[in-house]
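Undergrad: Sharing a structure, written as structure tokens. Questions coming.
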Amino acid sequence: MPAPRSTSHKGKLGVREARKLIEEYGVRGFKFHPTMQGFYANDRMAYPLYEEINNGGAIALFHTGQTGVGSGMPGGMGMRLKYSNPMYMDDVAADFPDLKIILAHPSFPWQEEALSVATHKPNVYIDLSGWSPKYFPPILVRYINSILQDKMLFGSDWPVITPDRWLSDFAKIEIRDEIRPKVLKANARKILGI
């Protein structure tokens, strides 16, 4: 049985709710979990919502890669990992070039696709939450240290990974000293405009 269509998709009502959240409550970002919501990020049904998020100057964050939800359960609880391939976010980044997009988590098993999208599209960033840095693949560490140093963002994925554990493991991997402050704070300040 296919995963159910996103229960959070509300069409025009969802667009109005997003506008209200941005204008009246100062919401700065919206998270999408394509695997749990059962949709491809580039599905046109979501485009009016992305447009509203973009118009409001907010950020769209998309879960990417494997999820722990349903892991080890029969049929993965109906979760389809294919929805969280970061390549689908490439279409969104191309169609909304001013929308700030964050690819949440190292995108296992699609890490190179995520790096490709973030390298190619100036409006795409990667957050490093959800994985202990000790498990980061070498190619991700290389890109953090080089061409994507200004587009990598700290995140722990608490309570699964505590900030203290993430920071301790991050201190042990080969990241250049001048880049650590960018990942831990400066890049987030830039994308948030603070």
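Within each chain, counting starts at residue 1; across the structure tokens, chains are named A, B, ... in the order shown, with ligands numbered 1 upward in that order.
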What residues in segment 18-72 of chain A get the DSSP label strand (DSSP E or B)? Please answer as a VMD selection string.
TA: chain A and resid 29 to 32 59 to 63
Undergrad: Let's have the selection written as a short mmCIF file (atom, residue, chain, number, x, y, z; two decimals), in the first residue's frame, with N, CA and C atoms.
TA:
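Done, and the output landed in again_4.cif:
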data_model
loop_
_atom_site.label_atom_id
_atom_site.label_comp_id
_atom_site.auth_asym_id
_atom_site.auth_seq_id
_atom_site.Cartn_x
_atom_site.Cartn_y
_atom_site.Cartn_z
N GLY A 29 10.70 29.67 9.18
CA GLY A 29 10.96 28.51 8.34
C GLY A 29 9.90 27.44 8.48
N PHE A 30 9.84 26.58 7.46
CA PHE A 30 8.88 25.49 7.40
C PHE A 30 9.62 24.21 7.05
N LYS A 31 9.35 23.13 7.80
CA LYS A 31 10.01 21.85 7.52
C LYS A 31 9.05 20.92 6.80
N PHE A 32 9.59 20.28 5.80
CA PHE A 32 8.86 19.26 5.05
C PHE A 32 9.59 17.93 5.23
N ILE A 59 12.27 30.25 5.16
CA ILE A 59 13.12 29.17 4.68
C ILE A 59 12.29 27.90 4.55
N ALA A 60 12.60 27.10 3.52
CA ALA A 60 11.99 25.78 3.36
C ALA A 60 13.07 24.74 3.64
N LEU A 61 12.85 23.93 4.66
CA LEU A 61 13.79 22.88 5.04
C LEU A 61 13.16 21.54 4.70
N PHE A 62 13.91 20.69 4.01
CA PHE A 62 13.41 19.39 3.58
C PHE A 62 14.25 18.28 4.19
N HIS A 63 13.57 17.33 4.85
CA HIS A 63 14.28 16.13 5.30
C HIS A 63 14.82 15.44 4.05
#
Undergrad: Within 10 Å of Val183 of chain A, counting only C-alpha atoms, which residues show up once you throw out same-chain ones fewer than 5 positions away? Write them as a PyMOL selection string, please.
TA: chain A and resi 127-128+144+149-155+175+178+188
Undergrad: Work out how far apart atom CA of Pro48 of chain A and atom CA of Val15 of chain A are and give it in Å to one decimal.
TA: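 We find that atom CA of Pro48 of chain A and atom CA of Val15 of chain A lie 6.7 Å from each other.
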Undergrad: For each of A:Ala46, A:Ile53, A:Leu167, A:Leu115, take the minimum atom-to-atom distance to Gly26 of chain A, counting only C-alpha atoms, then give the residue where this is smallest.
TA: A:Ile53
Undergrad: Running DSSP on the backbone, which parts of segment 68-191 of chain A land in helix (DSSP H, G or I), as a ChimeraX atom specification?
TA: /A:74-78,81-84,87-95,111-120,133-135,138-144,163-171,180-191
Undergrad: List as number ranges by chain the protein and nucleic acid residues near Gly56 of chain A, meaning an atom at most 10 Å away when only C-alpha atoms are counted, but skip any in the same chain fewer than 3 places from it.
TA: A: 18-23, 26-29, 50-53, 59, 99
Undergrad: Can you write out the residues you just picked, keeping N, CA and C atoms, as a compact mmCIF listing (two decimals), in the first residue's frame?
TA:
# COMPACT_ATOMS: atom_id res chain seq x y z
N ALA A 18 0.26 29.62 6.13
CA ALA A 18 1.68 29.97 6.08
C ALA A 18 1.86 31.48 6.12
N ARG A 19 1.05 32.21 5.35
CA ARG A 19 1.13 33.67 5.34
C ARG A 19 0.88 34.22 6.75
N LYS A 20 -0.14 33.70 7.43
CA LYS A 20 -0.46 34.15 8.77
C LYS A 20 0.69 33.84 9.74
N LEU A 21 1.26 32.66 9.63
CA LEU A 21 2.36 32.29 10.52
C LEU A 21 3.57 33.20 10.33
N ILE A 22 3.83 33.56 9.08
CA ILE A 22 4.97 34.44 8.79
C ILE A 22 4.66 35.86 9.26
N GLU A 23 3.51 36.40 8.86
CA GLU A 23 3.20 37.81 9.13
C GLU A 23 2.83 38.08 10.59
N GLY A 26 5.80 35.65 13.08
CA GLY A 26 7.23 35.74 12.82
C GLY A 26 7.92 34.42 12.52
N VAL A 27 7.16 33.44 12.04
CA VAL A 27 7.76 32.15 11.69
C VAL A 27 8.79 32.36 10.59
N ARG A 28 9.97 31.79 10.75
CA ARG A 28 11.08 32.00 9.83
C ARG A 28 11.34 30.82 8.90
N GLY A 29 10.70 29.67 9.18
CA GLY A 29 10.96 28.51 8.34
C GLY A 29 9.90 27.44 8.48
N TYR A 50 5.28 26.90 -1.47
CA TYR A 50 6.67 27.36 -1.59
C TYR A 50 6.72 28.83 -1.98
N GLU A 51 5.81 29.22 -2.89
CA GLU A 51 5.77 30.61 -3.33
C GLU A 51 5.47 31.54 -2.15
N GLU A 52 4.54 31.13 -1.30
CA GLU A 52 4.20 31.95 -0.13
C GLU A 52 5.36 32.01 0.86
N ILE A 53 6.02 30.90 1.06
CA ILE A 53 7.19 30.87 1.94
C ILE A 53 8.26 31.79 1.39
N ILE A 59 12.27 30.25 5.16
CA ILE A 59 13.12 29.17 4.68
C ILE A 59 12.29 27.90 4.55
N LEU A 99 14.21 31.32 -3.09
CA LEU A 99 13.79 30.61 -1.89
C LEU A 99 15.00 29.97 -1.23
Undergrad: Would you kindly return, as a list in words, each protein, DNA or RNA residue with an atom no farther than 10 Å from any atom of Thr67 of chain A, considering only C-alpha atoms and excluding same-chain residues fewer than 5 positions away?
TA: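 Close residues of Thr67 of chain A: His33, Thr35, Met36, Gly76, Met79, Arg80, Leu81, Ser84, His105, Ser107, Phe108 and Gly130 of chain A.
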Undergrad: Point out the residue among A:Ile173, A:Ile161, A:Val117, A:Ile126 with the least atom-to-atom distance to Pro138 of chain A, counting only C-alpha atoms.
TA: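 Distance minimum relative to Pro138 of chain A lands on A:Ile173.
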Undergrad: Give me the residues near Gln111 of chain A as an MDAnalysis selection string, where near means some atom within 9 Å (using only C-alpha atoms) and where sequence neighbours in that chain fewer than 3 positions away do not count.
TA: chainID A and resid 65 86 106:108 114:116 137 139:140
Undergrad: Nearest residue to Asn55 of chain A out of A:Arg142, A:Arg180, A:Lys100, A:Lys121, using only C-alpha atoms?
TA: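 That would be A:Lys100, the residue with the smallest distance to Asn55 of chain A.
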Undergrad: Figure out the distance between atom CA of Gly38 of chain A and atom CA of Gly68 of chain A, please, to one decimal in Å.
TA: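 Interatomic distance here is 15.2 Å.
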Undergrad: Would you work out the distance separating atom CA of Pro122 of chain A from atom CA of Met45 of chain A, expressed in Å to one decimal?
TA: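 Taking atom CA of Pro122 of chain A as the start and atom CA of Met45 of chain A as the end point, the length is 24.0 Å.
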